[in-house]
Each structure stands twice: as structure tokens, then as C-alpha cells.
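A.B. asks: One structure, as C-alpha cells, below. Some questions next.
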Amino acid sequence: MIDSNRLAALSPILDHYQIEPYFVEDFGKVRKIYSRKGTFALKKIVPHSGTDFIRHVHTLYQKGYNRIVPIYPTADGRYAILHERDLYYLMPWLPNELNETRNERHRQLFRELARLHTLSAKEINVKKEERTEHYEKTIRQLEKNQEFLDGFVEECEKKMYMSPFELLFCLYFNEIGQALRFSKDKFEEWFESTKEQEKARTVVNHGKVSSEHFLYDERGYGYFTNFEQAGYGSPIQDILPFLSRTLNTRPKRDDECIDWIHHYNRYFPFKPDEKLLFLSYLAYPVQIIQIVENYYHKEPNKRNELKFVKQLQRRYWHLKNTEYVAMKFAESSQPSSQLSEQQAKEGAPES
């Protein structure tokens, strides 16, 4: 049975596209529209998101990048419709049927992301003062994090009986500190290598890279969708959140993540300074520090100890998963001469 009320509610929007729907399905913020003209995806977004992302989509098209789910204009040339305090835009509906493994799908995603970044890359001017200011602000934050961790572990160790959370934190303390120092070391290396530079590479970032936002057509070609958070920035800004979500699991040695990064670099290699910044941000144990800070600032009688312990355990797993990827990528990024020297010092056989 056709839901006439739902169809009637969408008619004022679809009339702008001269589309008469005969059936509608809901998929969260997206509605699948069936009509005689074909099957479409109608996306609803909040107005404050605006339509700036459409400009980025058009820029990518103009630069020759076409692996984007197209946004259809209305009959009068608009790319979004404001209706009852929401914005709507229309796209073709892609079947997104796959026979590929998870790893192959992600390899294609990273290859297309590299192409997107390649075609949109440009250099921008960066004042030395701005770079120095960013460096000093970040170093202050990292040092503040270390001071907090040091102070909290001292407070815990003074107690006759620690809480379960405090005991677990003390067990993890050294590894959290190692990750923080590694992040700081790489950030300092980045600054030393770039402090005299007055240029930086920037790209159009998708803004929310996810396998859910990389859809496949009938021929098996992948297309990006959901550019609502697109904008210019460093290419690592697209990769880091994706990796962080992927590594938010139980402990595992995720060699697939390392493979995806290398696959991306085959098509769009990181510059040396970008590698350092990538490693610094990847290793930064911000999630586990935030949990510890939340626990510390919570009134003791209002702490849910079991909940905090579970959160700390999960953040520790994330830290260890991230550590594995960061170390493997750092090793693979070293010149062969440096790697051989390091292996000799460690007594490891050369590969």
C-alpha cells in the first residue's frame, strides 16, 4: 500500500525537480525515491550546514575528478531546497552491491581519496609566525597532558587502597606516557623541518571519509558521497579520523590499515613533513587522556567505577592498536640505510 501522506509531504520538494514519486523508503536522513524518471536519493540536512559543500563538489568536477555521486539541480538551477526548516538535495540512487572483501573495498576507497587529493592539491602561503604559534600552542598542550598524567599517578600511588580505575591507570601509565612522548618528538621534528618554510600543501578534504560514504554503481565503480563537511586542509585530516574509527576495536595487529596507508601513498605520497605530522597526530593518546581527566574531575561519590574501567580498557586497546600501526608505518618510512643501522643496533636480522 502506498503511503499517500508521505508522498504528499515530499511533493513540494520533488516538484522542483519535476519528479512524481510513486513510492518512498526511509534510510535515516536519506529517502529512496521511486519514480517513472528513475530511482533517486533525497538527502535532508540542517540549514546551518549550508550549501558550501556544493561549491567544493563543483571545484572537484572542474579539476577532472568525477568519482562523486552527482547532485542534481532543480528546474530553476538550485542545488538545494529549503523546506520546513530543513535543506534537501537530490542524487541518483546507487545500488552499492558488492562482491569485494572489506580490504579490497577500502583499498579502492583510499585510491580514490588519493586521486581526489591529487587533483585538488595546491600550495598556500603560511607565515612563519603562524607556524611557530601553532607549534608553541600544541607543545604547551602536550606538556600540560604529561603534567596531568604525572600528577594523577603520584596521587594514586600515595593511596593505601586504589580504586579499580586508579589501579588500571597505573598499570597503563608508562605506555600512555610513551605514546605521548612519541607524539611530541614527531611534532618537534616536524617543526624543525618546516620552521623556515613559507608554503604548505593543502587539498580539498572530503571531511567525513567512511565506507558508508563510498558507494558503488552497477559497474562496480566507487563514488564518494556526503561532502557536507568538505573543506581545504592537510590531506592527513581525511585519513586520521578514518583510521581512528577503524582501530577502535579489541586488540589486534591491523596490517590492513598499514596496507591502506601505503596504497594511498602510491597514488599521493606524503611529503616528509606530512609524514611527521601524521605520525604525531596518529600516536597522540588523546582519547585515553580524556577518560582519565573525566574520572579525575568527577566527584568521587558520582563516579560509576565499572563504566569508567570499561571505558579505560577500550581506550587502552585503541592506544595499542594505534601504536602498532604508527610503529609499522614509521619503520617503513625510514630510508633503508637508517633502517639497516637501527636493525643492527637492535640485533635484528635485516630483511
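Naming works like this for the C-alpha cells: A, B, ... for the chains as they're shown, residue 1 at the start of each chain, ligands 1 onward in shown order.
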For His117 (chain A), find every residue with an atom within 8 Å (counting only C-alpha atoms), except residues of its own chain fewer than 3 positions away, and show them as a count of residues only.

C.D. replies: 9

A.B. asks: Using only C-alpha atoms, which protein or nucleic acid residues come within 6 Å of region 315-330 of chain A? Drop anything in the same chain fewer than 3 positions from it, and give the result as a PyMOL selection string.

C.D. replies: chain A and resi 247-248+250-251+288+312+333

A.B. asks: Deliver the residues from the most recent selection as a file, using C-alpha atoms, as a CSV table (one decimal), in the first residue's frame.

C.D. replies:
chain,number,residue,atom,x,y,z
A,247,LEU,CA,41.3,0.9,15.2
A,248,ASN,CA,38.6,1.4,17.9
A,250,ARG,CA,39.6,-5.1,20.7
A,251,PRO,CA,43.4,-5.6,20.5
A,288,ILE,CA,42.6,7.8,26.9
A,312,LEU,CA,39.6,3.0,30.1
A,333,SER,CA,59.0,5.3,6.1

A.B. asks: Could you check how far CA of Pro285 (chain A) sits from CA of Pro300 (chain A), in Å to one decimal?

C.D. replies: 24.4 Å

A.B. asks: Taking only region 146-326 of chain A into account, list the residues labelled strand (DSSP E or B) by DSSP (computed from the backbone), as a PyMOL selection string.

C.D. replies: chain A and resi 199-205+214-216+222-224+231-233

A.B. asks: Pull the closest atom pair for each residue of region 156-253 of chain A that gets at most 9 Å from region 66-84 of chain A, along with the distance in Å to one decimal, counting only C-alpha atoms, ordering rows by chain and then ascending residue number, as JSON lines.

C.D. replies:
{"residue": "A:Phe214", "atom": "CA", "partner": "A:Ile68", "partner_atom": "CA", "distance": 8.9}
{"residue": "A:Leu215", "atom": "CA", "partner": "A:Val69", "partner_atom": "CA", "distance": 8.2}
{"residue": "A:Tyr221", "atom": "CA", "partner": "A:Arg67", "partner_atom": "CA", "distance": 8.3}
{"residue": "A:Gly222", "atom": "CA", "partner": "A:Arg67", "partner_atom": "CA", "distance": 6.8}
{"residue": "A:Tyr223", "atom": "CA", "partner": "A:Arg67", "partner_atom": "CA", "distance": 4.6}
{"residue": "A:Phe224", "atom": "CA", "partner": "A:Ile68", "partner_atom": "CA", "distance": 4.7}
{"residue": "A:Thr225", "atom": "CA", "partner": "A:Val69", "partner_atom": "CA", "distance": 5.5}
{"residue": "A:Asn226", "atom": "CA", "partner": "A:Val69", "partner_atom": "CA", "distance": 8.6}

A.B. asks: I want to know what sits within 10 Å of Glu20 (chain A), based on only C-alpha atoms, with residues of the same chain fewer than 4 positions away left out; could you give that as number ranges by chain?

C.D. replies: A: 7, 10-11, 14-15, 33-37

A.B. asks: Can you work out which one of A:Phe191, A:Tyr296, A:Phe110, A:Trp93 has the shortest atom-to-atom distance to Glu136 (chain A), counting only C-alpha atoms?

C.D. replies: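 Using only C-alpha atoms, the shortest distance to Glu136 (chain A) belongs to A:Phe191.
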
A.B. asks: Please provide the set of residues having any atom within 8 Å of Ala230 (chain A), restricted to only C-alpha atoms, with same-chain residues fewer than 5 positions apart removed, written as number ranges by chain.

C.D. replies: A: 53, 56, 204-208

A.B. asks: Rank A:Tyr22, A:Tyr172, A:Tyr295, A:Tyr89 by their smallest atom-to-atom distance to Pro47 (chain A), using only C-alpha atoms, and report the top residue only.

C.D. replies: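 Counting only C-alpha atoms, the residue closest to Pro47 (chain A) is A:Tyr89.
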
A.B. asks: Using only C-alpha atoms, which protein or nucleic acid residues come within 10 Å of Gly38 (chain A)? Drop anything in the same chain fewer than 6 positions from it, and give the result as a CSV table (one decimal) with N, CA and C atoms, in the first residue's frame.

C.D. replies:
chain,number,residue,atom,x,y,z
A,19,ILE,N,9.6,15.7,-10.6
A,19,ILE,CA,9.6,14.3,-10.3
A,19,ILE,C,8.3,14.0,-9.6
A,21,PRO,N,6.8,11.0,-7.5
A,21,PRO,CA,7.2,9.7,-6.9
A,21,PRO,C,5.9,8.8,-6.8
A,92,PRO,N,21.3,10.6,-7.7
A,92,PRO,CA,20.9,9.3,-8.1
A,92,PRO,C,21.1,8.3,-7.0
A,93,TRP,N,20.3,7.2,-7.1
A,93,TRP,CA,20.4,6.1,-6.1
A,93,TRP,C,21.4,5.1,-6.7

A.B. asks: Counting only C-alpha atoms, which of A:Arg55, A:Lys137, A:Arg107, A:His48 gets nearest to Arg85 (chain A)?

C.D. replies: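 The shortest atom-to-atom distance to Arg85 (chain A) comes from A:His48.
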